[in-house]
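S.K.: What follows is a structure written as structure tokens; I'll ask about it next.
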Amino acid sequence: MDKVGIIRELIRLGKVKVVLEFVEGDSVYISDASEGVPQHPDLRRIWVMMVHHLRFVSEFGDALETQCKDGKYLSPHYEEFEAWLSAGAPGIADKDLRAYLKENPL
């Protein structure tokens, strides 16, 4: 399974917070191989929206509609998440995901 496949499977299994920890740099499995936020402007925009999407999904699940929390309206960003995956999930290293899987098999 490739990197994108691993991320898709983690999401499918309800491990959105695990993926979010990787993209936010909070995972204990992150190494220097994971570059974080891409430098290219288009990928950076997608990255930001993807992070918002993962936060939304970790809070509200697979809701398709805008949600209100603490007076703020929050929306999912499925298209940007898919665009990030289609770009190869830049910013997260394959080896870091595999280190996670070694200790936490799917």
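Residues are named by chain letter and number: chains run A, B, ... in the order of the structure tokens, numbers start at 1 in each chain, and ligands are numbered from 1 in the order shown.
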When you look at stretch 43-45 of chain A with a cut-off of 9 Å (counting only C-alpha atoms), what residues show up, excluding the ones that are within fewer than 6 positions of it in the same chain? I need them as an MDAnalysis selection string.

M.R.: chainID A and resid 37 80 83:84 87 90

S.K.: I'd like the contact shell of stretch 68-77 of chain A - 8 Å cut-off, only C-alpha atoms, skipping same-chain residues fewer than 5 positions apart - returned as an MDAnalysis selection string.

M.R.: chainID A and resid 49:50 52:53 56:57 63

S.K.: Which residues are close to A:Glu9, i.e. within 12 Å by only C-alpha atoms, leaving aside same-chain residues fewer than 5 positions away? Reply as a PyMOL selection string.

M.R.: chain A and resi 1-4+14-16+18-19+97+101+105-106

S.K.: Using N, CA and C atoms, can you export the residues from the last selection as a tab-separated table (two decimals), in the first residue's frame?

M.R.:
```tsv
chain	number	residue	atom	x	y	z
A	1	MET	N	0.86	-1.18	0.00
A	1	MET	CA	0.00	0.00	0.00
A	1	MET	C	0.90	1.24	0.00
A	2	ASP	N	0.57	2.18	-0.86
A	2	ASP	CA	1.37	3.41	-0.92
A	2	ASP	C	0.91	4.40	0.15
A	3	LYS	N	1.59	5.52	0.21
A	3	LYS	CA	1.33	6.54	1.24
A	3	LYS	C	-0.12	7.02	1.21
A	4	VAL	N	-0.63	7.33	0.04
A	4	VAL	CA	-2.01	7.80	-0.07
A	4	VAL	C	-2.98	6.71	0.36
A	14	GLY	N	-11.50	5.45	10.79
A	14	GLY	CA	-11.87	6.42	11.82
A	14	GLY	C	-10.69	7.01	12.57
A	15	LYS	N	-9.49	6.88	12.01
A	15	LYS	CA	-8.28	7.39	12.67
A	15	LYS	C	-7.89	8.75	12.10
A	16	VAL	N	-8.88	9.62	11.98
A	16	VAL	CA	-8.66	10.96	11.44
A	16	VAL	C	-7.67	11.72	12.30
A	18	VAL	N	-5.19	10.64	13.96
A	18	VAL	CA	-3.83	10.17	13.69
A	18	VAL	C	-3.27	10.93	12.48
A	19	VAL	N	-4.07	11.03	11.42
A	19	VAL	CA	-3.64	11.76	10.22
A	19	VAL	C	-3.44	13.23	10.56
A	97	LEU	N	4.82	7.40	8.05
A	97	LEU	CA	3.58	6.64	8.14
A	97	LEU	C	3.86	5.16	8.39
A	101	LEU	N	2.71	2.57	11.33
A	101	LEU	CA	2.07	1.28	11.06
A	101	LEU	C	2.82	0.12	11.69
A	105	PRO	N	-0.47	-1.62	13.60
A	105	PRO	CA	-0.92	-2.22	12.34
A	105	PRO	C	-2.40	-1.94	12.07
A	106	LEU	N	-2.71	-1.84	10.78
A	106	LEU	CA	-4.11	-1.63	10.39
A	106	LEU	C	-4.84	-2.93	10.60
```

S.K.: In Å, how far is it from atom CA of A:Glu59 to atom CA of A:Ala89?

M.R.: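 Between atom CA of A:Glu59 and atom CA of A:Ala89 the gap is 21.5 Å.
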
S.K.: DSSP on the backbone: which residues in chain A end up as strand (DSSP E or B)? Give the answer as a list in words.

M.R.: Gln67, Cys68, Lys69, Lys72, Tyr73 and Leu74 of chain A

S.K.: Please, could you write that set of residues out with N, CA and C atoms as an mmCIF file, in the first residue's frame?

M.R.:
```
data_model
loop_
_atom_site.group_PDB
_atom_site.id
_atom_site.type_symbol
_atom_site.label_atom_id
_atom_site.label_comp_id
_atom_site.auth_asym_id
_atom_site.auth_seq_id
_atom_site.Cartn_x
_atom_site.Cartn_y
_atom_site.Cartn_z
ATOM 1 N N GLN A 67 -21.405 23.278 9.959
ATOM 2 C CA GLN A 67 -21.760 23.117 11.365
ATOM 3 C C GLN A 67 -21.409 24.402 12.107
ATOM 4 N N CYS A 68 -22.126 24.660 13.189
ATOM 5 C CA CYS A 68 -21.853 25.839 14.005
ATOM 6 C C CYS A 68 -21.321 25.385 15.358
ATOM 7 N N LYS A 69 -20.188 25.951 15.748
ATOM 8 C CA LYS A 69 -19.599 25.642 17.052
ATOM 9 C C LYS A 69 -19.033 26.935 17.625
ATOM 10 N N LYS A 72 -19.020 29.948 15.509
ATOM 11 C CA LYS A 72 -18.282 29.901 14.243
ATOM 12 C C LYS A 72 -18.908 28.844 13.338
ATOM 13 N N TYR A 73 -18.995 29.171 12.071
ATOM 14 C CA TYR A 73 -19.509 28.227 11.093
ATOM 15 C C TYR A 73 -18.328 27.511 10.445
ATOM 16 N N LEU A 74 -18.367 26.192 10.522
ATOM 17 C CA LEU A 74 -17.278 25.363 10.018
ATOM 18 C C LEU A 74 -17.803 24.456 8.917
#
```

S.K.: For the structure I just gave you, how does DSSP split chain A - specifically, which residues are helix (DSSP H, G or I)? Reply as a VMD selection string.

M.R.: chain A and resid 3 to 12 16 to 23 41 to 60 78 to 86 94 to 103

S.K.: Out of A:Lys17, A:Arg55, A:Arg98, A:His40, which residue has the shortest atom-to-atom distance to A:Phe81 when counting only C-alpha atoms?

M.R.: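 When distances to A:Phe81 are compared using only C-alpha atoms, the smallest one comes from A:Arg55.
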
S.K.: What separation in Å, quoted to one decimal, exists between atom CA of A:Ser27 and atom CA of A:Asp42?

M.R.: 24.9 Å

S.K.: At what distance in Å, to one decimal, does atom CA of A:Glu103 lie from atom CA of A:Ser86?

M.R.: 26.6 Å
